$ cat data_2.csv   # CSV, C-alpha atoms and all ligand atoms
chain,number,residue,atom,x,y,z
M,1,MET,CA,-188.7,-64.4,26.5
M,2,PRO,CA,-186.0,-66.8,27.6
M,3,GLU,CA,-184.1,-65.9,30.7
M,4,GLN,CA,-180.9,-63.9,30.2
M,5,SER,CA,-178.2,-66.6,29.8
M,6,SER,CA,-175.0,-66.4,31.8
M,7,PRO,CA,-171.7,-65.8,29.9
M,8,LEU,CA,-170.6,-69.0,31.6
M,9,ASP,CA,-173.3,-71.0,29.8
M,10,LEU,CA,-171.2,-71.7,26.7
M,11,ALA,CA,-172.4,-73.3,23.5
M,12,GLU,CA,-171.4,-76.9,23.3
M,13,GLY,CA,-168.0,-77.2,21.7
M,14,ASP,CA,-166.9,-73.7,22.4
M,15,PRO,CA,-163.1,-73.7,21.7
M,16,PHE,CA,-162.6,-71.4,24.7
M,17,GLY,CA,-164.6,-73.6,27.1
M,18,PRO,CA,-163.4,-74.5,30.6
M,19,HIS,CA,-161.1,-77.1,29.1
M,20,ASN,CA,-159.0,-74.3,27.6
M,21,LEU,CA,-158.6,-71.2,30.0
M,22,PRO,CA,-155.7,-69.3,28.3
M,23,TYR,CA,-154.1,-66.4,30.2
M,24,GLY,CA,-153.7,-62.8,29.1
M,25,VAL,CA,-153.5,-59.3,30.4
M,26,PHE,CA,-156.3,-56.7,29.8
M,27,SER,CA,-157.5,-53.3,30.8
M,28,THR,CA,-160.9,-51.7,30.5
M,29,PRO,CA,-161.7,-48.4,28.9
M,30,ASP,CA,-162.6,-46.8,32.2
M,31,HIS,CA,-159.3,-47.8,33.8
M,32,PRO,CA,-156.9,-47.9,30.8
M,33,GLU,CA,-153.7,-47.8,33.1
M,34,ASP,CA,-154.9,-50.7,35.3
M,35,ARG,CA,-153.6,-53.8,33.7
M,36,ARG,CA,-154.9,-57.1,35.1
M,37,VAL,CA,-154.4,-60.8,34.5
M,38,GLY,CA,-157.4,-62.2,32.6
M,39,VAL,CA,-158.5,-65.7,31.8
M,40,ARG,CA,-160.6,-66.2,28.7
M,41,ILE,CA,-163.8,-68.2,29.0
M,42,GLY,CA,-166.0,-68.2,25.9
M,43,ASN,CA,-166.2,-64.6,24.6
M,44,HIS,CA,-165.5,-63.2,28.0
M,45,VAL,CA,-162.4,-62.4,30.1
M,46,LEU,CA,-162.4,-63.2,33.8
M,47,ASP,CA,-160.6,-60.7,36.0
M,48,ALA,CA,-158.6,-63.5,37.6
M,49,GLY,CA,-157.1,-61.4,40.4
M,50,ALA,CA,-160.4,-60.0,41.5
M,51,ALA,CA,-161.9,-63.5,41.4
M,52,ALA,CA,-159.1,-64.8,43.6
M,53,HIS,CA,-159.8,-62.0,46.1
M,54,ALA,CA,-163.6,-62.5,45.9
M,55,LEU,CA,-163.2,-66.2,46.6
M,56,GLY,CA,-160.5,-65.9,49.3
M,57,SER,CA,-158.1,-67.9,47.1
M,58,PRO,CA,-154.5,-68.4,48.1
M,59,TYR,CA,-153.6,-67.7,44.5
M,60,ALA,CA,-154.5,-64.0,44.7
M,61,GLN,CA,-150.8,-63.2,45.0
M,62,LEU,CA,-150.1,-64.8,41.6
M,63,LEU,CA,-153.2,-63.5,39.8
M,64,ALA,CA,-153.8,-60.0,41.2
M,65,GLN,CA,-150.8,-58.7,39.1
M,66,PRO,CA,-150.3,-56.4,36.2
M,67,ASP,CA,-148.8,-59.2,34.1
M,68,LEU,CA,-148.1,-62.9,34.0
M,69,THR,CA,-144.6,-62.8,35.4
M,70,ALA,CA,-145.5,-64.0,38.9
M,71,LEU,CA,-147.5,-66.9,37.6
M,72,LEU,CA,-144.9,-67.8,35.0
M,73,SER,CA,-142.1,-68.0,37.5
M,74,ALA,CA,-144.2,-69.9,40.1
M,75,GLY,CA,-143.5,-73.3,38.5
M,76,ARG,CA,-145.3,-76.4,37.4
M,77,THR,CA,-147.1,-77.3,40.7
M,78,ALA,CA,-148.5,-73.8,41.0
M,79,TRP,CA,-149.5,-73.8,37.3
M,80,ARG,CA,-151.5,-77.0,37.9
M,81,ASP,CA,-153.1,-75.8,41.1
M,82,VAL,CA,-154.1,-72.4,39.8
M,83,ARG,CA,-155.6,-74.0,36.7
M,84,ARG,CA,-157.7,-76.4,38.9
M,85,ALA,CA,-158.9,-73.4,40.9
M,86,LEU,CA,-159.9,-71.4,37.8
M,87,THR,CA,-161.7,-74.4,36.4
M,88,ALA,CA,-163.8,-74.7,39.5
M,89,TRP,CA,-164.5,-70.9,39.5
M,90,VAL,CA,-166.0,-71.0,36.0
M,91,THR,CA,-167.8,-74.3,36.4
M,92,VAL,CA,-169.1,-74.8,39.9
M,93,PRO,CA,-172.6,-73.2,40.1
M,94,ALA,CA,-172.0,-72.0,43.7
M,95,HIS,CA,-169.3,-69.5,42.5
M,96,ARG,CA,-171.5,-67.9,39.8
M,97,ALA,CA,-172.7,-65.0,41.9
M,98,ASP,CA,-169.1,-64.0,42.7
M,99,ILE,CA,-167.7,-64.7,39.2
M,100,GLU,CA,-170.3,-63.3,36.8
M,101,PRO,CA,-169.7,-59.6,37.8
M,102,LEU,CA,-166.0,-60.1,37.1
M,103,LEU,CA,-166.5,-61.1,33.4
M,104,HIS,CA,-165.8,-58.6,30.7
M,105,PRO,CA,-166.8,-59.1,27.0
M,106,VAL,CA,-163.5,-59.8,25.2
M,107,ASP,CA,-164.5,-57.2,22.6
M,108,ALA,CA,-164.8,-54.5,25.3
M,109,VAL,CA,-161.3,-54.7,26.7
M,110,THR,CA,-157.8,-53.9,25.5
M,111,LEU,CA,-155.4,-56.9,25.5
M,112,HIS,CA,-151.8,-56.2,26.2
M,113,LEU,CA,-148.5,-58.1,25.8
M,114,PRO,CA,-149.0,-60.4,28.8
M,115,TYR,CA,-145.4,-60.6,30.0
M,116,ALA,CA,-142.1,-58.8,29.5
M,117,VAL,CA,-140.4,-60.8,26.7
M,118,ALA,CA,-136.9,-61.6,28.0
M,119,ASP,CA,-134.8,-63.3,25.3
M,120,TYR,CA,-136.3,-64.2,22.0
M,121,VAL,CA,-135.0,-67.1,19.8
M,122,ASP,CA,-136.4,-68.3,16.5
M,123,PHE,CA,-135.9,-71.8,15.1
M,124,TYR,CA,-136.3,-73.4,11.7
M,125,ALA,CA,-137.8,-76.7,12.6
M,126,SER,CA,-140.1,-77.6,9.7
M,127,GLU,CA,-138.5,-79.9,7.2
M,128,ASN,CA,-141.0,-78.8,4.5
M,129,HIS,CA,-140.2,-75.1,5.1
M,130,ALA,CA,-136.5,-75.6,5.2
M,131,THR,CA,-136.6,-77.7,2.0
M,132,ASN,CA,-138.7,-75.1,0.2
M,133,VAL,CA,-136.5,-72.3,1.2
M,134,GLY,CA,-133.4,-74.2,0.2
M,135,LYS,CA,-134.9,-74.9,-3.3
M,136,ILE,CA,-135.8,-71.2,-3.7
M,137,PHE,CA,-132.6,-69.6,-2.5
M,138,ARG,CA,-130.0,-72.3,-3.3
M,139,PRO,CA,-131.4,-74.0,-6.4
M,140,ASN,CA,-128.1,-75.6,-7.3
M,141,ALA,CA,-127.4,-77.1,-3.9
M,142,GLU,CA,-128.9,-79.7,-1.6
M,143,ALA,CA,-132.1,-78.2,-0.2
M,144,LEU,CA,-131.3,-79.1,3.4
M,145,THR,CA,-127.9,-78.0,4.8
M,146,PRO,CA,-125.7,-80.8,6.2
M,147,ASN,CA,-126.5,-79.8,9.8
M,148,TRP,CA,-130.3,-79.6,9.5
M,149,LYS,CA,-131.2,-83.1,10.7
M,150,HIS,CA,-128.6,-83.1,13.4
M,151,LEU,CA,-129.7,-80.1,15.4
M,152,PRO,CA,-132.5,-77.6,15.5
M,153,ILE,CA,-131.2,-74.5,13.7
M,154,GLY,CA,-132.0,-71.2,15.3
M,155,TYR,CA,-130.9,-67.6,15.8
M,156,HIS,CA,-131.3,-65.0,18.6
M,157,GLY,CA,-133.9,-62.4,17.7
M,158,ARG,CA,-135.0,-59.0,19.1
M,159,SER,CA,-137.2,-59.3,22.1
M,160,GLY,CA,-137.9,-55.5,22.3
M,161,THR,CA,-139.9,-55.6,19.1
M,162,VAL,CA,-142.2,-58.4,20.0
M,163,VAL,CA,-145.7,-56.9,19.9
M,164,VAL,CA,-149.1,-58.1,20.9
M,165,SER,CA,-151.7,-59.1,18.3
M,166,GLY,CA,-153.6,-56.1,16.8
M,167,THR,CA,-150.5,-53.9,16.7
M,168,ASP,CA,-149.9,-52.3,13.3
M,169,VAL,CA,-146.7,-53.2,11.6
M,170,VAL,CA,-144.7,-50.5,9.8
M,171,ARG,CA,-143.2,-51.6,6.5
M,172,PRO,CA,-139.4,-51.8,7.2
M,173,SER,CA,-136.9,-50.0,5.0
M,174,GLY,CA,-133.4,-51.3,4.4
M,175,GLN,CA,-130.8,-52.3,1.9
M,176,ARG,CA,-131.6,-54.8,-0.8
M,177,LYS,CA,-129.8,-56.0,-3.9
M,178,ALA,CA,-131.4,-58.3,-6.4
M,179,PRO,CA,-128.9,-60.5,-8.3
M,180,THR,CA,-129.5,-58.4,-11.4
M,181,ASP,CA,-129.0,-55.0,-9.6
M,182,PRO,CA,-125.5,-53.5,-10.2
M,183,ALA,CA,-125.4,-52.0,-6.6
M,184,PRO,CA,-127.6,-52.2,-3.4
M,185,VAL,CA,-130.4,-49.7,-3.1
M,186,PHE,CA,-132.2,-48.4,0.0
M,187,GLY,CA,-135.9,-48.2,0.5
M,188,PRO,CA,-139.1,-49.8,1.8
M,189,SER,CA,-139.1,-53.6,1.5
M,190,VAL,CA,-140.8,-54.8,-1.6
M,191,LYS,CA,-140.9,-58.4,-0.3
M,192,LEU,CA,-142.7,-58.2,3.0
M,193,ASP,CA,-143.7,-61.6,4.2
M,194,ILE,CA,-145.2,-63.6,7.1
M,195,GLU,CA,-144.1,-66.6,8.9
M,196,ALA,CA,-146.8,-68.7,10.6
M,197,GLU,CA,-145.2,-70.0,13.8
M,198,VAL,CA,-145.9,-71.3,17.3
M,199,GLY,CA,-144.2,-69.4,20.1
M,200,PHE,CA,-143.2,-71.1,23.4
M,201,VAL,CA,-143.2,-69.1,26.6
M,202,VAL,CA,-140.6,-70.0,29.3
M,203,GLY,CA,-141.9,-69.8,32.9
M,204,VAL,CA,-139.2,-71.1,35.1
M,205,GLY,CA,-135.6,-70.0,34.4
M,206,SER,CA,-132.5,-72.1,34.6
M,207,GLU,CA,-129.0,-71.6,36.0
M,208,GLN,CA,-126.2,-70.6,33.6
M,209,GLY,CA,-123.9,-73.5,33.0
M,210,ARG,CA,-126.7,-76.1,33.4
M,211,PRO,CA,-128.3,-77.4,30.2
M,212,VAL,CA,-132.1,-78.2,30.3
M,213,PRO,CA,-132.6,-81.8,29.2
M,214,LEU,CA,-135.5,-83.0,27.1
M,215,GLY,CA,-137.3,-84.2,30.2
M,216,GLY,CA,-137.2,-80.8,31.7
M,217,PHE,CA,-139.4,-79.2,29.0
M,218,ARG,CA,-142.6,-79.2,31.1
M,219,ASP,CA,-140.8,-77.9,34.2
M,220,HIS,CA,-139.7,-74.8,32.3
M,221,VAL,CA,-142.1,-74.1,29.6
M,222,PHE,CA,-145.5,-72.7,30.7
M,223,GLY,CA,-147.4,-72.5,27.5
M,224,LEU,CA,-147.6,-71.4,23.9
M,225,CYS,CA,-149.0,-68.7,21.6
M,226,LEU,CA,-149.3,-68.1,17.9
M,227,LEU,CA,-146.5,-66.0,16.4
M,228,ASN,CA,-146.0,-64.2,13.2
M,229,ASP,CA,-142.4,-63.6,12.4
M,230,TRP,CA,-142.8,-60.8,9.9
M,231,SER,CA,-139.9,-61.1,7.4
M,232,ALA,CA,-138.6,-58.7,4.7
M,233,ARG,CA,-137.3,-61.2,2.2
M,234,ASP,CA,-135.4,-58.7,0.1
M,235,ILE,CA,-133.5,-57.2,3.1
M,236,GLN,CA,-132.9,-60.7,4.4
M,237,ALA,CA,-131.6,-62.1,1.2
M,238,TRP,CA,-128.9,-59.4,0.9
M,239,GLU,CA,-127.8,-59.3,4.6
M,240,TYR,CA,-128.0,-62.9,5.8
M,241,VAL,CA,-124.7,-64.3,4.6
M,242,PRO,CA,-122.7,-65.3,6.7
M,243,LEU,CA,-124.3,-64.5,10.1
M,244,GLY,CA,-128.0,-65.2,9.6
M,245,PRO,CA,-131.2,-63.1,10.0
M,246,PHE,CA,-130.8,-59.6,11.2
M,247,LEU,CA,-132.7,-56.5,10.1
M,248,GLY,CA,-135.0,-58.4,7.8
M,249,LYS,CA,-136.6,-59.9,10.9
M,250,SER,CA,-136.0,-57.6,13.9
M,251,PHE,CA,-138.5,-54.8,13.0
M,252,ALA,CA,-141.6,-56.6,14.4
M,253,THR,CA,-142.7,-60.0,15.7
M,254,SER,CA,-146.4,-60.4,16.6
M,255,VAL,CA,-147.7,-62.8,19.2
M,256,SER,CA,-151.3,-63.7,20.2
M,257,ALA,CA,-152.6,-62.0,23.4
M,258,TRP,CA,-153.5,-65.3,24.9
M,259,VAL,CA,-151.0,-67.8,26.3
M,260,THR,CA,-152.4,-71.4,26.2
M,261,PRO,CA,-151.0,-73.4,29.1
M,262,LEU,CA,-149.4,-76.7,28.0
M,263,GLU,CA,-151.8,-78.4,30.4
M,264,ALA,CA,-154.7,-77.5,28.1
M,265,LEU,CA,-153.0,-79.4,25.3
M,266,GLU,CA,-152.7,-82.9,26.8
M,267,ALA,CA,-155.0,-84.3,24.2
M,268,ALA,CA,-153.0,-82.8,21.4
M,269,ARG,CA,-149.7,-84.5,22.3
M,270,ILE,CA,-148.4,-86.8,19.6
M,271,ALA,CA,-145.3,-89.0,19.1
M,272,PRO,CA,-142.3,-87.2,17.7
M,273,PRO,CA,-141.6,-87.8,14.0
M,274,ALA,CA,-139.6,-90.8,12.9
M,275,ARG,CA,-135.9,-89.8,12.5
M,276,ASP,CA,-133.7,-90.9,9.6
M,277,PHE,CA,-130.9,-91.8,12.1
M,278,PRO,CA,-130.2,-91.8,15.8
M,279,LEU,CA,-129.7,-88.3,17.3
M,280,LEU,CA,-127.0,-87.3,19.7
M,281,PRO,CA,-128.2,-88.3,23.2
M,282,TYR,CA,-129.2,-84.8,24.3
M,283,LEU,CA,-131.7,-84.6,21.4
M,284,GLU,CA,-132.8,-88.3,21.3
M,285,ASP,CA,-136.5,-88.3,22.2
M,286,ALA,CA,-137.5,-91.9,21.5
M,287,GLY,CA,-139.3,-92.9,24.7
M,288,GLU,CA,-139.0,-89.5,26.3
M,289,GLU,CA,-142.4,-89.1,28.1
M,290,GLU,CA,-142.2,-85.4,28.7
M,291,ALA,CA,-141.3,-84.4,25.2
M,292,GLY,CA,-143.1,-85.2,21.9
M,293,GLY,CA,-145.0,-83.2,19.3
M,294,LEU,CA,-148.2,-81.3,19.3
M,295,ASP,CA,-151.1,-81.5,16.9
M,296,LEU,CA,-152.0,-77.8,16.2
M,297,ARG,CA,-154.0,-76.9,13.1
M,298,ILE,CA,-153.1,-73.3,12.0
M,299,SER,CA,-155.0,-71.2,9.6
M,300,VAL,CA,-153.6,-68.1,7.9
M,301,ALA,CA,-155.8,-65.4,6.3
M,302,ILE,CA,-155.0,-62.3,4.4
M,303,ASN,CA,-157.8,-59.7,4.5
M,304,GLY,CA,-160.2,-62.5,5.7
M,305,GLN,CA,-159.3,-64.9,2.9
M,306,VAL,CA,-157.7,-68.2,4.1
M,307,VAL,CA,-154.4,-68.7,2.2
M,308,ALA,CA,-152.8,-71.6,4.1
M,309,GLU,CA,-153.5,-74.2,6.7
M,310,PRO,CA,-150.1,-75.3,8.1
M,311,PRO,CA,-150.2,-78.4,10.4
M,312,PHE,CA,-147.8,-78.1,13.4
M,313,ALA,CA,-147.9,-82.0,13.7
M,314,THR,CA,-145.5,-82.1,10.7
M,315,MET,CA,-142.7,-80.4,12.5
M,316,TYR,CA,-139.4,-82.3,12.5
M,317,TRP,CA,-138.0,-80.9,15.7
M,318,THR,CA,-140.1,-80.7,18.8
M,319,ALA,CA,-140.4,-77.8,21.3
M,320,ALA,CA,-138.5,-79.9,23.9
M,321,GLN,CA,-135.6,-80.4,21.5
M,322,MET,CA,-135.5,-76.7,20.7
M,323,LEU,CA,-135.3,-76.0,24.4
M,324,ALA,CA,-132.5,-78.6,24.9
M,325,GLN,CA,-130.6,-77.2,21.9
M,326,MET,CA,-130.8,-73.5,23.1
M,327,THR,CA,-129.4,-74.5,26.6
M,328,VAL,CA,-127.0,-77.3,25.7
M,329,ASN,CA,-124.1,-74.9,25.8
M,330,GLY,CA,-125.0,-73.7,29.3
M,331,ALA,CA,-127.0,-70.7,28.2
M,332,SER,CA,-129.6,-69.9,30.9
M,333,LEU,CA,-133.3,-69.4,30.6
M,334,ARG,CA,-135.2,-66.5,32.1
M,335,THR,CA,-138.9,-66.1,33.0
M,336,GLY,CA,-140.5,-64.6,29.9
M,337,ASP,CA,-138.1,-66.1,27.3
M,338,LEU,CA,-139.9,-66.7,24.1
M,339,TYR,CA,-138.8,-69.1,21.3
M,340,GLY,CA,-140.5,-69.5,18.0
M,341,SER,CA,-140.8,-72.8,16.1
M,342,GLY,CA,-139.9,-71.4,12.7
M,343,THR,CA,-142.3,-71.3,9.9
M,344,VAL,CA,-144.8,-74.2,10.0
M,345,SER,CA,-145.2,-75.7,6.5
M,346,GLY,CA,-146.9,-79.0,5.6
M,347,ALA,CA,-146.2,-81.2,2.6
M,348,GLU,CA,-149.1,-79.8,0.6
M,349,PRO,CA,-148.9,-76.5,-1.3
M,350,GLY,CA,-151.9,-75.2,0.7
M,351,GLN,CA,-150.1,-75.9,3.9
M,352,ARG,CA,-147.2,-73.5,3.5
M,353,GLY,CA,-146.7,-70.9,6.2
M,354,SER,CA,-145.1,-68.1,4.3
M,355,LEU,CA,-145.8,-66.1,1.1
M,356,LEU,CA,-142.2,-66.9,0.0
M,357,GLU,CA,-143.3,-70.5,-0.3
M,358,LEU,CA,-147.0,-70.0,-1.2
M,359,THR,CA,-146.0,-67.8,-4.2
M,360,TRP,CA,-142.6,-69.5,-4.8
M,361,ASN,CA,-140.7,-66.2,-4.3
M,362,GLY,CA,-143.3,-64.2,-6.1
M,363,SER,CA,-143.3,-66.3,-9.3
M,364,GLU,CA,-146.8,-67.8,-8.6
M,365,PRO,CA,-149.1,-65.0,-7.3
M,366,LEU,CA,-152.0,-65.8,-5.0
M,367,ASP,CA,-155.5,-64.9,-6.2
M,368,LEU,CA,-157.2,-62.9,-3.5
M,369,PRO,CA,-160.7,-61.3,-3.8
M,370,ASP,CA,-159.0,-57.9,-4.0
M,371,GLY,CA,-156.4,-58.9,-6.6
M,372,LYS,CA,-153.2,-60.9,-7.0
M,373,ARG,CA,-150.7,-61.0,-4.2
M,374,THR,CA,-147.0,-62.0,-4.2
M,375,PHE,CA,-145.9,-60.3,-1.0
M,376,LEU,CA,-147.8,-58.0,1.4
M,377,GLU,CA,-149.2,-54.7,0.4
M,378,ASP,CA,-149.8,-51.7,2.6
M,379,GLY,CA,-153.2,-52.1,4.3
M,380,ASP,CA,-153.1,-55.9,4.2
M,381,THR,CA,-154.2,-57.5,7.5
M,382,VAL,CA,-152.8,-61.0,8.2
M,383,THR,CA,-154.6,-63.1,10.8
M,384,MET,CA,-153.5,-66.5,12.1
M,385,THR,CA,-155.8,-68.7,14.1
M,386,ALA,CA,-155.4,-72.3,15.4
M,387,TRP,CA,-157.0,-75.1,17.3
M,388,ALA,CA,-155.9,-78.3,18.8
M,389,PRO,CA,-157.7,-81.5,19.8
M,390,GLY,CA,-159.1,-81.2,23.3
M,391,PRO,CA,-160.5,-83.7,25.8
M,392,ASP,CA,-163.6,-85.7,24.7
M,393,GLY,CA,-163.6,-84.5,21.2
M,394,THR,CA,-163.5,-80.8,22.0
M,395,ARG,CA,-161.3,-78.2,20.4
M,396,VAL,CA,-158.8,-76.0,22.2
M,397,GLY,CA,-158.8,-72.6,20.5
M,398,LEU,CA,-155.5,-70.7,20.4
M,399,GLY,CA,-155.8,-66.9,20.6
M,400,GLU,CA,-155.5,-65.3,17.1
M,401,VAL,CA,-152.5,-63.2,16.1
M,402,THR,CA,-153.3,-60.4,13.7
M,403,GLY,CA,-151.5,-57.4,12.3
M,404,ARG,CA,-152.0,-54.8,9.6
M,405,ILE,CA,-149.3,-53.4,7.4
M,406,VAL,CA,-148.9,-49.6,7.4
M,407,PRO,CA,-146.7,-47.7,4.9
M,408,ALA,CA,-143.0,-47.2,5.6
M,409,SER,CA,-142.4,-44.1,7.8
U,1,MN,MN,-139.1,-67.3,11.7
$ encode --input "data_2.csv" --output "structure tokens"
Amino acid sequence: MPEQSSPLDLAEGDPFGPHNLPYGVFSTPDHPEDRRVGVRIGNHVLDAGAAAHALGSPYAQLLAQPDLTALLSAGRTAWRDVRRALTAWVTVPAHRADIEPLLHPVDAVTLHLPYAVADYVDFYASENHATNVGKIFRPNAEALTPNWKHLPIGYHGRSGTVVVSGTDVVRPSGQRKAPTDPAPVFGPSVKLDIEAEVGFVVGVGSEQGRPVPLGGFRDHVFGLCLLNDWSARDIQAWEYVPLGPFLGKSFATSVSAWVTPLEALEAARIAPPARDFPLLPYLEDAGEEEAGGLDLRISVAINGQVVAEPPFATMYWTAAQMLAQMTVNGASLRTGDLYGSGTVSGAEPGQRGSLLELTWNGSEPLDLPDGKRTFLEDGDTVTMTAWAPGPDGTRVGLGEVTGRIVPAS
């Protein structure tokens, strides 16, 4: 019989290898109240605070915590140093005896929302998505509104209803009025949808009155997660004019339990897209080293069946531009702020990140193994996964975000 292998002996090409090391918060069944910072390695979670104590690390103060707040606010130099230390802990053979007892199978722990979400903003940064939505909702007008290519459009969402992956989503109720209805009606949404997005997590805050320039992106943003901006299209369509999304969005937003540090995504950095015309200086990113796009390959599945593969590389606006936009008026950032990219949709029909687009507002149902689908049905489980190119041909796996629809209460 072969010797029992160590959880640290990962299969070649494991997307959660030592080149990745995303952060989360977990508890174990025997101590459900004891939340701890965890770092994922393969299919295990390293109790990072206990490891720091065991190895006499100066970073115990940042890692032996019930959530990621201390680490997020510590800043870019600390992020780099902690990551270097963690990399050594999971790769240097001399540390194995200390580290192995502190690894928990990821399936045996409970994962929690890893930080208190401060403010939540959601953008609309995919040209393909914005064009599709324009065609569906405003068929007689230009698909893109006149402002779209001048600034990243966004709205302030509801941070208190951001939930961690695995949390059930209760079907929202509200007012809706189809164009053919004589009057609005109230009831459970009949057009419950998904939005496949990437969420960016702010670590270091900023001072009110001082905009964050494009070049400040990596000083303020710690990492990213997958995000599902659940959307009730019927509620949204009736309420959104003229102030934008409100109750059709605010009932739940799901995020992955793992925050992938930007440092793990160096190999995924790509040039920003070509622009049709020069942007105003605060958004102009030509030659801006710290900004640029990211090559993330997202996959969306309903009840296990893949329905879309949206490519984040196609986004028109970058995360750095979104950050510059949301602070250009002097609005401050706080540790734990979260901003979503907006639905990621590629140019191909199979790359659309919402059912609104995939079924063209319900007119072209999807064929799933359990029947046709226009919008989500009670009991449906939506799971998003993603990966990015890593160093030396590896892949960096992002934590999945999943949620099941339960009937309206
Ligand atoms: Mn959205």
$ residues_near_ligand --input "data_2.csv" --ligand "ligand MN 1 (chain U)" --cutoff "6 Å" --atoms "all atoms listed in the file" --output "count of residues only"
5
$ residues_around --input "data_2.csv" --residues "His156 of chain M" --least-positions-apart "4" --cutoff "10 Å" --atoms "all atoms listed in the file" --output "number ranges by chain"
M: 119-123, 244-246, 250, 326, 339
$ closest_residue --input "data_2.csv" --among "M:Ala54, M:Leu376, M:Ala70, M:Ala257" --to "Leu192 of chain M" --atoms "all atoms listed in the file"
M:Leu376
$ residues_around --input "data_2.csv" --residues "Thr167 of chain M" --least-positions-apart "2" --cutoff "9 Å" --atoms "all atoms listed in the file" --output "list in words"
Val163, Val164, Ser165, Val169, Ser254, Thr402, Gly403 and Arg404 of chain M
$ residues_around --input "data_2.csv" --residues "Ala97 of chain M" --least-positions-apart "3" --cutoff "12 Å" --atoms "only C-alpha atoms" --output "ChimeraX atom specification"
/M:6,8,51,54-55,89-94,100-103
$ write_last_selection --input "data_2.csv" --atoms "C-alpha atoms" --output "PDB file, in the coordinates of the input"
ATOM      1  CA  SER M   6    -175.000 -66.400  31.800  1.00  0.00           C
ATOM      2  CA  LEU M   8    -170.600 -69.000  31.600  1.00  0.00           C
ATOM      3  CA  ALA M  51    -161.900 -63.500  41.400  1.00  0.00           C
ATOM      4  CA  ALA M  54    -163.600 -62.500  45.900  1.00  0.00           C
ATOM      5  CA  LEU M  55    -163.200 -66.200  46.600  1.00  0.00           C
ATOM      6  CA  TRP M  89    -164.500 -70.900  39.500  1.00  0.00           C
ATOM      7  CA  VAL M  90    -166.000 -71.000  36.000  1.00  0.00           C
ATOM      8  CA  THR M  91    -167.800 -74.300  36.400  1.00  0.00           C
ATOM      9  CA  VAL M  92    -169.100 -74.800  39.900  1.00  0.00           C
ATOM     10  CA  PRO M  93    -172.600 -73.200  40.100  1.00  0.00           C
ATOM     11  CA  ALA M  94    -172.000 -72.000  43.700  1.00  0.00           C
ATOM     12  CA  GLU M 100    -170.300 -63.300  36.800  1.00  0.00           C
ATOM     13  CA  PRO M 101    -169.700 -59.600  37.800  1.00  0.00           C
ATOM     14  CA  LEU M 102    -166.000 -60.100  37.100  1.00  0.00           C
ATOM     15  CA  LEU M 103    -166.500 -61.100  33.400  1.00  0.00           C
TER      16      LEU M 103
END
$ closest_atom_pairs --input "data_2.csv" --of "segment 303-374 of chain M" --to "segment 197-204 of chain M" --cutoff "6 Å" --atoms "all atoms listed in the file" --output "CSV"
residue,atom,partner,partner_atom,distance
M:Thr335,CA,M:Gly203,CA,4.8
M:Gly336,CA,M:Val202,CA,5.4
M:Asp337,CA,M:Val202,CA,5.0
M:Leu338,CA,M:Val201,CA,4.8
M:Tyr339,CA,M:Phe200,CA,5.3
M:Gly340,CA,M:Gly199,CA,4.3
M:Ser341,CA,M:Val198,CA,5.4
M:Gly342,CA,M:Glu197,CA,5.6
M:Thr343,CA,M:Glu197,CA,5.0
M:Val344,CA,M:Glu197,CA,5.7
$ write_last_selection --input "data_2.csv" --atoms "C-alpha atoms" --output "mmCIF file, keeping the file's coordinate frame"
data_model
loop_
_atom_site.group_PDB
_atom_site.id
_atom_site.type_symbol
_atom_site.label_atom_id
_atom_site.label_comp_id
_atom_site.auth_asym_id
_atom_site.auth_seq_id
_atom_site.Cartn_x
_atom_site.Cartn_y
_atom_site.Cartn_z
ATOM 1 C CA THR M 335 -138.900 -66.100 33.000
ATOM 2 C CA GLY M 336 -140.500 -64.600 29.900
ATOM 3 C CA ASP M 337 -138.100 -66.100 27.300
ATOM 4 C CA LEU M 338 -139.900 -66.700 24.100
ATOM 5 C CA TYR M 339 -138.800 -69.100 21.300
ATOM 6 C CA GLY M 340 -140.500 -69.500 18.000
ATOM 7 C CA SER M 341 -140.800 -72.800 16.100
ATOM 8 C CA GLY M 342 -139.900 -71.400 12.700
ATOM 9 C CA THR M 343 -142.300 -71.300 9.900
ATOM 10 C CA VAL M 344 -144.800 -74.200 10.000
#
$ atom_distance --input "data_2.csv" --atom1 "atom CA of Gly362 of chain M" --atom2 "atom CA of Lys191 of chain M"
8.5 Å
$ residues_around --input "data_2.csv" --residues "Leu262 of chain M" --least-positions-apart "2" --cutoff "8 Å" --atoms "only C-alpha atoms" --output "ChimeraX atom specification"
/M:218,221-224,260,264-266
$ write_last_selection --input "data_2.csv" --atoms "C-alpha atoms" --output "compact mmCIF listing (two decimals), in the coordinates of the input"
# COMPACT_ATOMS: atom_id res chain seq x y z
CA ARG M 218 -142.60 -79.20 31.10
CA VAL M 221 -142.10 -74.10 29.60
CA PHE M 222 -145.50 -72.70 30.70
CA GLY M 223 -147.40 -72.50 27.50
CA LEU M 224 -147.60 -71.40 23.90
CA THR M 260 -152.40 -71.40 26.20
CA ALA M 264 -154.70 -77.50 28.10
CA LEU M 265 -153.00 -79.40 25.30
CA GLU M 266 -152.70 -82.90 26.80
$ closest_residue --input "data_2.csv" --among "M:Gly13, M:Gly205, M:Pro105, M:Gly390" --to "Leu296 of chain M" --atoms "all atoms listed in the file"
M:Gly390
$ atom_distance --input "data_2.csv" --atom1 "atom CA of Gln305 of chain M" --atom2 "atom CA of Thr383 of chain M"
9.4 Å
$ residues_around --input "data_2.csv" --residues "segment 30-35 of chain M" --least-positions-apart "5" --cutoff "10 Å" --atoms "all atoms listed in the file" --output "short mmCIF file (atom, residue, chain, number, x, y, z; two decimals) with C-alpha atoms, in the coordinates of the input"
data_model
loop_
_atom_site.label_atom_id
_atom_site.label_comp_id
_atom_site.auth_asym_id
_atom_site.auth_seq_id
_atom_site.Cartn_x
_atom_site.Cartn_y
_atom_site.Cartn_z
CA VAL M 25 -153.50 -59.30 30.40
CA ALA M 64 -153.80 -60.00 41.20
CA GLN M 65 -150.80 -58.70 39.10
CA PRO M 66 -150.30 -56.40 36.20
CA ASP M 67 -148.80 -59.20 34.10
CA VAL M 109 -161.30 -54.70 26.70
CA THR M 110 -157.80 -53.90 25.50
CA LEU M 111 -155.40 -56.90 25.50
CA HIS M 112 -151.80 -56.20 26.20
CA PRO M 114 -149.00 -60.40 28.80
#
